[in-house]
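*Asks:* Contents of my_file.cif (mmCIF, C-alpha atoms) are given next:
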```
data_protein
#
loop_
_atom_site.group_PDB
_atom_site.id
_atom_site.type_symbol
_atom_site.label_atom_id
_atom_site.label_comp_id
_atom_site.auth_asym_id
_atom_site.auth_seq_id
_atom_site.Cartn_x
_atom_site.Cartn_y
_atom_site.Cartn_z
ATOM 1 C CA MET R 1 -5.767 -48.157 31.373
ATOM 2 C CA LYS R 2 -7.465 -49.434 34.517
ATOM 3 C CA SER R 3 -8.560 -53.055 34.562
ATOM 4 C CA GLU R 4 -12.198 -52.063 35.247
ATOM 5 C CA LEU R 5 -12.234 -49.986 32.054
ATOM 6 C CA VAL R 6 -10.660 -52.825 30.091
ATOM 7 C CA HIS R 7 -13.397 -55.181 31.265
ATOM 8 C CA THR R 8 -16.117 -52.618 30.502
ATOM 9 C CA LEU R 9 -14.844 -51.997 26.975
ATOM 10 C CA THR R 10 -14.346 -55.721 26.364
ATOM 11 C CA ASP R 11 -17.880 -56.526 27.510
ATOM 12 C CA THR R 12 -19.268 -53.689 25.374
ATOM 13 C CA PHE R 13 -17.444 -54.860 22.265
ATOM 14 C CA GLU R 14 -18.289 -58.537 22.728
ATOM 15 C CA GLY R 15 -21.861 -57.608 23.623
ATOM 16 C CA HIS R 16 -22.350 -56.206 20.116
ATOM 17 C CA ALA R 17 -21.303 -59.457 18.475
ATOM 18 C CA GLN R 18 -24.027 -61.065 16.368
ATOM 19 C CA GLN R 19 -24.281 -64.252 14.369
ATOM 20 C CA THR R 20 -25.644 -65.164 10.973
ATOM 21 C CA ASP R 21 -27.969 -68.122 10.492
ATOM 22 C CA SER R 22 -24.904 -70.236 9.712
ATOM 23 C CA GLY R 23 -23.247 -69.261 12.988
ATOM 24 C CA ILE R 24 -20.711 -66.787 11.562
ATOM 25 C CA GLU R 25 -19.814 -64.081 14.079
ATOM 26 C CA TYR R 26 -20.065 -60.438 12.930
ATOM 27 C CA TRP R 27 -20.366 -56.829 14.051
ATOM 28 C CA LEU R 28 -22.267 -54.008 12.319
ATOM 29 C CA ALA R 29 -20.062 -51.124 11.228
ATOM 30 C CA ARG R 30 -22.456 -48.444 12.511
ATOM 31 C CA ASP R 31 -22.337 -50.035 15.956
ATOM 32 C CA LEU R 32 -18.546 -50.323 15.799
ATOM 33 C CA GLN R 33 -18.349 -46.676 14.722
ATOM 34 C CA HIS R 34 -19.658 -45.508 18.099
ATOM 35 C CA LEU R 35 -17.746 -48.150 20.056
ATOM 36 C CA LEU R 36 -14.521 -46.783 18.563
ATOM 37 C CA GLY R 37 -15.389 -43.147 19.300
ATOM 38 C CA TYR R 38 -16.273 -41.893 15.806
ATOM 39 C CA THR R 39 -19.222 -39.477 15.702
ATOM 40 C CA LYS R 40 -19.249 -38.961 11.916
ATOM 41 C CA TRP R 41 -19.969 -41.895 9.603
ATOM 42 C CA ASP R 42 -17.951 -40.359 6.741
ATOM 43 C CA ASN R 43 -14.849 -40.187 8.920
ATOM 44 C CA PHE R 44 -15.338 -43.793 9.934
ATOM 45 C CA LEU R 45 -15.765 -44.802 6.279
ATOM 46 C CA ASN R 46 -12.258 -43.459 5.632
ATOM 47 C CA VAL R 47 -10.902 -45.818 8.280
ATOM 48 C CA ILE R 48 -12.897 -48.707 6.812
ATOM 49 C CA SER R 49 -11.469 -47.942 3.373
ATOM 50 C CA LYS R 50 -7.917 -48.219 4.738
ATOM 51 C CA ALA R 51 -8.861 -51.461 6.499
ATOM 52 C CA LYS R 52 -10.196 -52.916 3.244
ATOM 53 C CA THR R 53 -6.925 -52.091 1.512
ATOM 54 C CA ALA R 54 -4.993 -53.801 4.313
ATOM 55 C CA CYS R 55 -7.287 -56.806 3.976
ATOM 56 C CA GLU R 56 -6.621 -57.078 0.251
ATOM 57 C CA VAL R 57 -2.856 -56.611 0.664
ATOM 58 C CA SER R 58 -2.778 -59.409 3.254
ATOM 59 C CA GLY R 59 -4.251 -61.795 0.681
ATOM 60 C CA HIS R 60 -7.805 -62.001 2.046
ATOM 61 C CA ALA R 61 -10.959 -61.384 0.013
ATOM 62 C CA ILE R 62 -12.582 -58.105 1.075
ATOM 63 C CA ALA R 63 -16.056 -59.529 0.501
ATOM 64 C CA ASP R 64 -15.380 -62.290 3.030
ATOM 65 C CA HIS R 65 -14.836 -59.756 5.825
ATOM 66 C CA PHE R 66 -16.740 -56.588 4.778
ATOM 67 C CA ALA R 67 -20.271 -57.428 3.575
ATOM 68 C CA GLY R 68 -22.598 -54.598 2.610
ATOM 69 C CA VAL R 69 -26.078 -54.605 4.203
ATOM 70 C CA GLY R 70 -28.932 -52.177 4.792
ATOM 71 C CA LYS R 71 -30.042 -51.037 8.234
ATOM 72 C CA MET R 72 -33.277 -49.321 9.268
ATOM 73 C CA VAL R 73 -32.850 -46.254 11.493
ATOM 74 C CA ASP R 74 -35.457 -44.183 13.313
ATOM 75 C CA LEU R 75 -36.080 -40.605 12.159
ATOM 76 C CA GLY R 76 -37.212 -37.741 14.338
ATOM 77 C CA SER R 77 -40.643 -37.817 12.720
ATOM 78 C CA GLY R 78 -41.210 -41.338 13.982
ATOM 79 C CA SER R 79 -40.666 -42.887 10.574
ATOM 80 C CA GLN R 80 -37.710 -45.021 9.462
ATOM 81 C CA ARG R 81 -35.324 -45.091 6.529
ATOM 82 C CA GLU R 82 -32.694 -47.531 5.342
ATOM 83 C CA VAL R 83 -29.016 -46.608 5.557
ATOM 84 C CA ASP R 84 -25.953 -48.417 4.283
ATOM 85 C CA ASP R 85 -24.094 -50.593 6.776
ATOM 86 C CA LEU R 86 -21.470 -53.330 6.779
ATOM 87 C CA MET R 87 -21.276 -56.731 8.409
ATOM 88 C CA LEU R 88 -17.728 -57.063 9.751
ATOM 89 C CA THR R 89 -15.857 -60.164 10.835
ATOM 90 C CA ARG R 90 -13.585 -60.073 13.879
ATOM 91 C CA TYR R 91 -10.648 -59.805 11.476
ATOM 92 C CA ALA R 92 -12.265 -56.773 9.804
ATOM 93 C CA CYS R 93 -12.749 -55.156 13.225
ATOM 94 C CA TYR R 94 -9.075 -55.784 13.959
ATOM 95 C CA LEU R 95 -8.003 -54.115 10.693
ATOM 96 C CA ILE R 96 -10.267 -51.122 11.359
ATOM 97 C CA ALA R 97 -8.764 -50.710 14.828
ATOM 98 C CA GLN R 98 -5.237 -50.889 13.384
ATOM 99 C CA ASN R 99 -6.091 -48.126 10.911
ATOM 100 C CA GLY R 100 -7.935 -45.913 13.371
ATOM 101 C CA ASN R 101 -6.739 -42.840 15.255
ATOM 102 C CA PRO R 102 -4.689 -44.085 18.226
ATOM 103 C CA GLN R 103 -5.309 -40.750 19.982
ATOM 104 C CA LYS R 104 -8.817 -41.999 20.656
ATOM 105 C CA GLN R 105 -8.924 -44.010 23.870
ATOM 106 C CA GLU R 106 -11.349 -46.463 22.290
ATOM 107 C CA ILE R 107 -8.993 -47.112 19.366
ATOM 108 C CA ALA R 108 -6.011 -47.490 21.684
ATOM 109 C CA PHE R 109 -7.971 -50.079 23.666
ATOM 110 C CA ALA R 110 -9.137 -51.894 20.518
ATOM 111 C CA GLN R 111 -5.595 -52.109 19.167
ATOM 112 C CA THR R 112 -4.361 -53.578 22.445
ATOM 113 C CA TYR R 113 -7.388 -55.852 22.740
ATOM 114 C CA PHE R 114 -6.927 -57.370 19.300
ATOM 115 C CA ALA R 115 -3.169 -57.674 19.782
ATOM 116 C CA VAL R 116 -3.842 -59.728 22.912
ATOM 117 C CA GLN R 117 -6.483 -61.788 21.154
ATOM 118 C CA THR R 118 -4.162 -62.442 18.201
ATOM 119 C CA ARG R 119 -1.300 -63.434 20.492
ATOM 120 C CA ARG R 120 -3.645 -65.698 22.444
ATOM 121 C CA ALA R 121 -4.749 -67.379 19.217
ATOM 122 C CA GLU R 122 -1.108 -67.889 18.221
ATOM 123 C CA LEU R 123 -0.314 -69.451 21.597
ATOM 124 C CA ILE R 124 -3.323 -71.750 21.405
ATOM 125 C CA GLU R 125 -2.355 -72.797 17.875
ATOM 126 C CA GLN R 126 1.219 -73.536 18.982
ATOM 127 C CA ARG R 127 -0.004 -75.567 21.950
ATOM 128 C CA LEU R 128 -2.220 -77.608 19.654
ATOM 129 C CA LEU R 129 0.698 -78.226 17.291
ATOM 130 C CA ASP R 130 2.921 -79.215 20.217
ATOM 131 C CA ALA R 131 0.287 -81.600 21.535
ATOM 132 C CA GLU R 132 -0.157 -83.125 18.083
ATOM 133 C CA ARG R 133 3.572 -83.753 17.781
ATOM 134 C CA VAL R 134 3.848 -85.323 21.233
ATOM 135 C CA SER R 135 0.875 -87.530 20.400
ATOM 136 C CA ALA R 136 2.441 -88.549 17.064
ATOM 137 C CA ARG R 137 5.706 -89.417 18.814
ATOM 138 C CA LYS R 138 3.922 -91.570 21.400
ATOM 139 C CA LYS R 139 1.945 -93.285 18.652
ATOM 140 C CA LEU R 140 5.136 -94.103 16.726
ATOM 141 C CA SER R 141 6.750 -95.484 19.888
ATOM 142 C CA ALA R 142 3.754 -97.751 20.456
ATOM 143 C CA THR R 143 3.735 -98.899 16.819
ATOM 144 C CA GLU R 144 7.460 -99.646 16.843
ATOM 145 C CA LYS R 145 7.044 -101.575 20.086
ATOM 146 C CA GLU R 146 4.330 -103.609 18.385
ATOM 147 C CA LEU R 147 6.594 -104.248 15.396
ATOM 148 C CA SER R 148 9.325 -105.449 17.762
ATOM 149 C CA GLY R 149 6.817 -107.876 19.276
ATOM 150 C CA VAL R 150 5.720 -109.092 15.853
ATOM 151 C CA ILE R 151 9.337 -109.691 14.835
ATOM 152 C CA PHE R 152 9.812 -111.755 17.990
ATOM 153 C CA GLU R 153 6.647 -113.772 17.265
ATOM 154 C CA GLN R 154 7.543 -114.395 13.630
ATOM 155 C CA THR R 155 11.283 -114.990 13.897
ATOM 156 C CA GLY R 156 11.735 -116.225 17.467
ATOM 157 C CA GLY R 157 13.830 -113.183 18.486
ATOM 158 C CA ASN R 158 13.621 -109.399 18.323
ATOM 159 C CA GLN R 159 17.345 -108.660 18.037
ATOM 160 C CA ASP R 160 16.759 -107.683 14.390
ATOM 161 C CA PHE R 161 14.343 -104.848 15.204
ATOM 162 C CA ALA R 162 16.981 -102.072 15.259
ATOM 163 C CA LEU R 163 18.422 -103.304 11.956
ATOM 164 C CA ILE R 164 15.002 -103.433 10.306
ATOM 165 C CA ARG R 165 14.117 -99.972 11.586
ATOM 166 C CA SER R 166 17.392 -98.517 10.294
ATOM 167 C CA LYS R 167 16.735 -99.999 6.859
ATOM 168 C CA GLY R 168 13.350 -98.298 6.948
ATOM 169 C CA ASP R 169 15.028 -94.966 7.745
ATOM 170 C CA GLN R 170 17.406 -95.444 4.820
ATOM 171 C CA ALA R 171 14.430 -96.003 2.497
ATOM 172 C CA LEU R 172 12.459 -93.039 3.867
ATOM 173 C CA PHE R 173 15.269 -90.470 3.980
ATOM 174 C CA SER R 174 17.553 -91.896 1.290
ATOM 175 C CA LYS R 175 20.163 -91.497 4.040
ATOM 176 C CA SER R 176 21.197 -93.682 6.953
ATOM 177 C CA THR R 177 19.894 -93.095 10.474
ATOM 178 C CA GLN R 178 23.355 -91.951 11.554
ATOM 179 C CA ALA R 179 23.628 -89.522 8.651
ATOM 180 C CA MET R 180 20.273 -87.984 9.570
ATOM 181 C CA LYS R 181 21.263 -87.786 13.247
ATOM 182 C CA ALA R 182 24.413 -85.937 12.249
ATOM 183 C CA GLN R 183 22.437 -83.605 9.975
ATOM 184 C CA TRP R 184 19.870 -82.833 12.678
ATOM 185 C CA LYS R 185 22.552 -82.742 15.416
ATOM 186 C CA VAL R 186 20.796 -85.461 17.407
ATOM 187 C CA PRO R 187 22.823 -86.769 20.397
ATOM 188 C CA ASP R 188 24.062 -90.338 19.887
ATOM 189 C CA SER R 189 22.061 -91.524 22.891
ATOM 190 C CA ARG R 190 18.735 -90.165 21.580
ATOM 191 C CA PRO R 191 16.370 -91.623 18.959
ATOM 192 C CA LEU R 192 16.173 -89.796 15.645
ATOM 193 C CA ALA R 193 12.386 -89.673 15.991
ATOM 194 C CA ASP R 194 12.610 -87.407 19.067
ATOM 195 C CA PHE R 195 13.727 -84.611 16.726
ATOM 196 C CA ALA R 196 11.575 -85.463 13.715
ATOM 197 C CA PRO R 197 8.817 -83.091 12.523
ATOM 198 C CA THR R 198 5.240 -84.288 12.978
ATOM 199 C CA ILE R 199 4.836 -85.144 9.280
ATOM 200 C CA ILE R 200 7.841 -87.501 9.475
ATOM 201 C CA LEU R 201 6.600 -89.129 12.680
ATOM 202 C CA LYS R 202 3.280 -89.871 10.992
ATOM 203 C CA ALA R 203 5.006 -91.084 7.823
ATOM 204 C CA LYS R 204 7.218 -93.488 9.785
ATOM 205 C CA ASP R 205 4.227 -94.664 11.783
ATOM 206 C CA PHE R 206 2.175 -95.367 8.655
ATOM 207 C CA ALA R 207 4.983 -97.348 7.012
ATOM 208 C CA THR R 208 5.513 -99.326 10.226
ATOM 209 C CA GLU R 209 1.805 -100.110 10.533
ATOM 210 C CA ILE R 210 1.827 -101.554 7.001
ATOM 211 C CA THR R 211 4.898 -103.628 7.835
ATOM 212 C CA ILE R 212 3.158 -105.054 10.917
ATOM 213 C CA PHE R 213 0.039 -105.882 8.920
ATOM 214 C CA ASN R 214 1.826 -107.565 6.031
ATOM 215 C CA THR R 215 4.289 -109.398 8.276
ATOM 216 C CA ARG R 216 1.356 -111.059 9.999
ATOM 217 C CA GLU R 217 -0.755 -111.575 6.891
ATOM 218 C CA ARG R 218 2.095 -113.063 4.865
ATOM 219 C CA LYS R 219 3.633 -114.871 7.833
ATOM 220 C CA LEU R 220 7.065 -113.403 7.158
ATOM 221 C CA SER R 221 9.572 -115.233 9.339
ATOM 222 C CA SER R 222 13.057 -113.901 8.635
ATOM 223 C CA GLU R 223 14.957 -110.645 9.037
ATOM 224 C CA ARG R 224 15.461 -110.484 5.290
ATOM 225 C CA THR R 225 11.800 -110.771 4.327
ATOM 226 C CA ILE R 226 10.605 -108.379 7.050
ATOM 227 C CA SER R 227 13.346 -105.893 6.145
ATOM 228 C CA ASN R 228 12.343 -106.034 2.489
ATOM 229 C CA GLU R 229 8.738 -105.427 3.482
ATOM 230 C CA HIS R 230 9.697 -102.464 5.671
ATOM 231 C CA ILE R 231 11.943 -101.000 2.967
ATOM 232 C CA THR R 232 9.165 -101.288 0.371
ATOM 233 C CA ASN R 233 6.667 -99.554 2.654
ATOM 234 C CA ASN R 234 9.025 -96.703 3.516
ATOM 235 C CA GLU R 235 9.909 -96.249 -0.147
ATOM 236 C CA ALA R 236 6.202 -96.032 -0.975
ATOM 237 C CA VAL R 237 5.640 -93.422 1.744
ATOM 238 C CA ARG R 238 8.689 -91.484 0.555
ATOM 239 C CA LYS R 239 7.341 -91.511 -3.017
ATOM 240 C CA THR R 240 4.047 -90.040 -1.794
ATOM 241 C CA LEU R 241 5.824 -87.321 0.160
ATOM 242 C CA LEU R 242 8.017 -86.409 -2.807
ATOM 243 C CA GLU R 243 4.979 -86.221 -5.069
ATOM 244 C CA ARG R 244 3.488 -83.697 -2.629
ATOM 245 C CA GLY R 245 6.662 -81.597 -2.577
ATOM 246 C CA ILE R 246 7.996 -82.896 0.737
ATOM 247 C CA ARG R 247 11.573 -84.195 0.769
ATOM 248 C CA PRO R 248 12.095 -85.897 4.169
ATOM 249 C CA GLU R 249 15.871 -85.446 4.312
ATOM 250 C CA SER R 250 15.557 -81.729 3.512
ATOM 251 C CA LEU R 251 13.226 -80.895 6.389
ATOM 252 C CA PRO R 252 14.752 -79.080 9.376
ATOM 253 C CA PRO R 253 14.735 -80.863 12.735
ATOM 254 C CA ALA R 254 11.970 -80.127 15.199
ATOM 255 C CA GLU R 255 12.448 -79.170 18.836
ATOM 256 C CA ASP R 256 13.415 -82.018 21.155
ATOM 257 C CA VAL R 257 10.075 -83.689 21.853
ATOM 258 C CA LYS R 258 11.074 -84.264 25.485
ATOM 259 C CA LYS R 259 11.373 -80.492 25.969
ATOM 260 C CA VAL R 260 7.979 -80.040 24.330
ATOM 261 C CA GLU R 261 6.458 -82.593 26.714
ATOM 262 C CA ARG R 262 7.971 -80.835 29.726
ATOM 263 C CA ARG R 263 6.688 -77.459 28.521
ATOM 264 C CA ILE R 264 3.159 -78.794 28.040
ATOM 265 C CA ALA R 265 3.216 -80.337 31.514
ATOM 266 C CA SER R 266 4.546 -77.116 33.040
ATOM 267 C CA GLU R 267 1.946 -74.943 31.306
ATOM 268 C CA TYR R 268 -0.798 -77.275 32.451
ATOM 269 C CA LYS R 269 0.336 -77.021 36.077
ATOM 270 C CA LYS R 270 0.494 -73.223 35.819
ATOM 271 C CA SER R 271 -2.995 -73.091 34.334
ATOM 272 C CA LEU R 272 -4.331 -74.855 37.419
ATOM 273 C CA LYS R 273 -2.792 -72.260 39.735
ATOM 274 C CA LYS R 274 -2.919 -69.005 37.772
ATOM 275 C CA PRO R 275 -6.017 -67.040 36.612
ATOM 276 C CA ASP R 276 -6.394 -66.080 32.960
ATOM 277 C CA ALA R 277 -4.030 -63.304 31.897
ATOM 278 C CA LEU R 278 -6.910 -61.010 30.847
ATOM 279 C CA ASP R 279 -8.446 -61.324 34.293
ATOM 280 C CA SER R 280 -5.312 -60.188 36.116
#
```
Please go through the file and, once you have read it, give me the structure as structure tokens.
*Replies:*
Amino acid sequence: MKSELVHTLTDTFEGHAQQTDSGIEYWLARDLQHLLGYTKWDNFLNVISKAKTACEVSGHAIADHFAGVGKMVDLGSGSQREVDDLMLTRYACYLIAQNGNPQKQEIAFAQTYFAVQTRRAELIEQRLLDAERVSARKKLSATEKELSGVIFEQTGGNQDFALIRSKGDQALFSKSTQAMKAQWKVPDSRPLADFAPTIILKAKDFATEITIFNTRERKLSSERTISNEHITNNEAVRKTLLERGIRPESLPPAEDVKKVERRIASEYKKSLKKPDALDS
């Protein structure tokens, strides 16, 4: 399919998009019928019926994506009458395209179009998740650096920081740092946190923030008292996670955060040089 035709069909489809008063995007089925090359409404209703079944099977409420409405149409006599129509979400349009006749050029385009749109959405979602994890890792690094500084202020030395942090890991995972590194296959030279899922990074950060706060507020001045504080906070965070069905030591490791950072940086550089894939 030539790129000019792709752009024409894309513009035509997007040009029929409408919005409700609450800003929800929708298409009218009778408009989509012609966009997808169906001349008979009854034939198109058969496709819609299959799409509704697919919607229900996928766990979505049909009413949320296929809403019945009336539409006024002009008659040859100059008068008008109301006909049944449907307000369709983008997801409903996607399901209709997937259940349409691929021999029709319009359906073939729509199937490809929505496949690209779905893949694009997946990529955007993954990039957002990657960015969130990198941000959480940087935040934990900054918080742990602050804790190290607080330990130095309160005790006169920060040589106990690694010991205190390891005791926190033991309380959070119910396993030692080394045991978790072995389980997640983390190289000896790398921090455990570089391979921790986002939820664990945020959990560790929260417990560490509480330790910093209470160490200052209570003027804790020894490794023992600060360690006890950090253990208590990590145990409390662990208890919350367990209550919500999350067992820290049972989670799989995440991708090396350094690789994620490099990928984000690389994709950003490419985005500055390369036009959007749909425009190529």
*Asks:* Report the distance between CA of Asp205 in chain R and CA of Lys259 in chain R in Å, rounded to one decimal place.
*Replies:* 21.3 Å
*Asks:* Once the PyMOL selection byres ((chain R and resi 147-163) around 6) is applied to the coordinates I shared, what remains selected? I want it as a VMD selection string.
*Replies:* chain R and resid 144 to 146 164 to 166 212 221 to 222
*Asks:* Env of range 22-31 of chain R: 12 Å cut, atoms = only C-alpha atoms, seq-sep filter 2 positions within chain, self excluded. Answer as an mmCIF file with C-alpha atoms, in the coordinates of the input.
*Replies:*
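What ended up in part33.cif:
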```cif
data_model
loop_
_atom_site.group_PDB
_atom_site.id
_atom_site.type_symbol
_atom_site.label_atom_id
_atom_site.label_comp_id
_atom_site.auth_asym_id
_atom_site.auth_seq_id
_atom_site.Cartn_x
_atom_site.Cartn_y
_atom_site.Cartn_z
ATOM 1 C CA THR R 12 -19.268 -53.689 25.374
ATOM 2 C CA PHE R 13 -17.444 -54.860 22.265
ATOM 3 C CA GLU R 14 -18.289 -58.537 22.728
ATOM 4 C CA GLY R 15 -21.861 -57.608 23.623
ATOM 5 C CA HIS R 16 -22.350 -56.206 20.116
ATOM 6 C CA ALA R 17 -21.303 -59.457 18.475
ATOM 7 C CA GLN R 18 -24.027 -61.065 16.368
ATOM 8 C CA GLN R 19 -24.281 -64.252 14.369
ATOM 9 C CA THR R 20 -25.644 -65.164 10.973
ATOM 10 C CA GLN R 33 -18.349 -46.676 14.722
ATOM 11 C CA HIS R 34 -19.658 -45.508 18.099
ATOM 12 C CA LEU R 35 -17.746 -48.150 20.056
ATOM 13 C CA LEU R 36 -14.521 -46.783 18.563
ATOM 14 C CA GLY R 37 -15.389 -43.147 19.300
ATOM 15 C CA TYR R 38 -16.273 -41.893 15.806
ATOM 16 C CA THR R 39 -19.222 -39.477 15.702
ATOM 17 C CA LYS R 40 -19.249 -38.961 11.916
ATOM 18 C CA TRP R 41 -19.969 -41.895 9.603
ATOM 19 C CA ASP R 42 -17.951 -40.359 6.741
ATOM 20 C CA ASN R 43 -14.849 -40.187 8.920
ATOM 21 C CA PHE R 44 -15.338 -43.793 9.934
ATOM 22 C CA LEU R 45 -15.765 -44.802 6.279
ATOM 23 C CA VAL R 47 -10.902 -45.818 8.280
ATOM 24 C CA ILE R 48 -12.897 -48.707 6.812
ATOM 25 C CA ASP R 64 -15.380 -62.290 3.030
ATOM 26 C CA HIS R 65 -14.836 -59.756 5.825
ATOM 27 C CA PHE R 66 -16.740 -56.588 4.778
ATOM 28 C CA ALA R 67 -20.271 -57.428 3.575
ATOM 29 C CA GLY R 68 -22.598 -54.598 2.610
ATOM 30 C CA VAL R 69 -26.078 -54.605 4.203
ATOM 31 C CA GLY R 70 -28.932 -52.177 4.792
ATOM 32 C CA LYS R 71 -30.042 -51.037 8.234
ATOM 33 C CA MET R 72 -33.277 -49.321 9.268
ATOM 34 C CA VAL R 73 -32.850 -46.254 11.493
ATOM 35 C CA VAL R 83 -29.016 -46.608 5.557
ATOM 36 C CA ASP R 84 -25.953 -48.417 4.283
ATOM 37 C CA ASP R 85 -24.094 -50.593 6.776
ATOM 38 C CA LEU R 86 -21.470 -53.330 6.779
ATOM 39 C CA MET R 87 -21.276 -56.731 8.409
ATOM 40 C CA LEU R 88 -17.728 -57.063 9.751
ATOM 41 C CA THR R 89 -15.857 -60.164 10.835
ATOM 42 C CA ARG R 90 -13.585 -60.073 13.879
ATOM 43 C CA TYR R 91 -10.648 -59.805 11.476
ATOM 44 C CA ALA R 92 -12.265 -56.773 9.804
ATOM 45 C CA CYS R 93 -12.749 -55.156 13.225
ATOM 46 C CA TYR R 94 -9.075 -55.784 13.959
ATOM 47 C CA ILE R 96 -10.267 -51.122 11.359
ATOM 48 C CA ALA R 97 -8.764 -50.710 14.828
#
```
*Asks:* Can you tell me, as JSON, the centre and edge lengths (Å, one decimal) of the axis-aligned box enclosing all of range 103-114 of chain R's listed atoms after padding each side by 6 Å?
*Replies:*
```
{"center_x": -7.9, "center_y": -49.1, "center_z": 21.5, "size_x": 19.0, "size_y": 28.6, "size_z": 16.7}
```
*Asks:* Using all atoms listed in the file for the distances, tell me which of R:Arg238, R:Lys202, R:Arg262, R:Lys52 is nearest to Leu140 in chain R.
*Replies:* R:Lys202
*Asks:* What's around Ile231 in chain R at 7 Å? Count all atoms listed in the file, leave out sequence neighbours fewer than 5 positions away in its own chain, and write the answer as a ChimeraX atom specification.
*Replies:* /R:167-168,171
*Asks:* Have a look at CA of Val260 in chain R and CA of Arg119 in chain R and let me know their distance in Å, one decimal.
*Replies:*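 We find that CA of Val260 in chain R and CA of Arg119 in chain R lie 19.4 Å from each other.
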*Asks:* Between R:Asp256, R:Glu209, R:Glu261, R:Glu56, which has the minimum distance to Ala196 in chain R (counting all atoms listed in the file)?
*Replies:*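 Selected residue with least distance to Ala196 in chain R: R:Asp256.
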*Asks:* How many Å lie between CA of Pro248 in chain R and CA of Phe173 in chain R, rounded to one decimal?
*Replies:*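 Straight-line distance from CA of Pro248 in chain R to CA of Phe173 in chain R works out to 5.6 Å.
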*Asks:* Quick one: residues within 8 Å of Leu95 in chain R, only C-alpha atoms counted, chain neighbours fewer than 6 positions away excluded, as number ranges by chain?
*Replies:* R: 51-52, 54-55
*Asks:* Limited to C-alpha atoms, could you put the picked residues into a file as an mmCIF file, keeping the file's coordinate frame?
*Replies:*
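Resulting contents of result-v1.cif:
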```
data_model
loop_
_atom_site.group_PDB
_atom_site.id
_atom_site.type_symbol
_atom_site.label_atom_id
_atom_site.label_comp_id
_atom_site.auth_asym_id
_atom_site.auth_seq_id
_atom_site.Cartn_x
_atom_site.Cartn_y
_atom_site.Cartn_z
ATOM 1 C CA ALA R 51 -8.861 -51.461 6.499
ATOM 2 C CA LYS R 52 -10.196 -52.916 3.244
ATOM 3 C CA ALA R 54 -4.993 -53.801 4.313
ATOM 4 C CA CYS R 55 -7.287 -56.806 3.976
#
```
*Asks:* Using all atoms listed in the file, find the one residue out of R:Ser174, R:Ser266, R:Ser135, R:Thr211 that sits nearest to Leu242 in chain R.
*Replies:*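 Smallest separation from Leu242 in chain R among the options: R:Ser174.
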*Asks:* Which residues, protein or nucleic acid, reach to within 7 Å of (-7.0, -44.1, 7.7) in the file's coordinates when using only C-alpha atoms, and can you give that as number ranges by chain?
*Replies:* R: 46-47, 50, 99-100
*Asks:* Can you spell out as a ChimeraX atom specification the set of residues that the PyMOL selection byres ((chain R and resi 181) around 12) selects in the structure I just provided?
*Replies:* /R:166,169,173,175-180,182-196,249,252-253
*Asks:* Using all atoms listed in the file, which of R:Glu132, R:Thr10, R:Ala265, R:Ala121 sits nearest Phe109 in chain R?
*Replies:*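 Among the listed residues, R:Thr10 lies closest to Phe109 in chain R.
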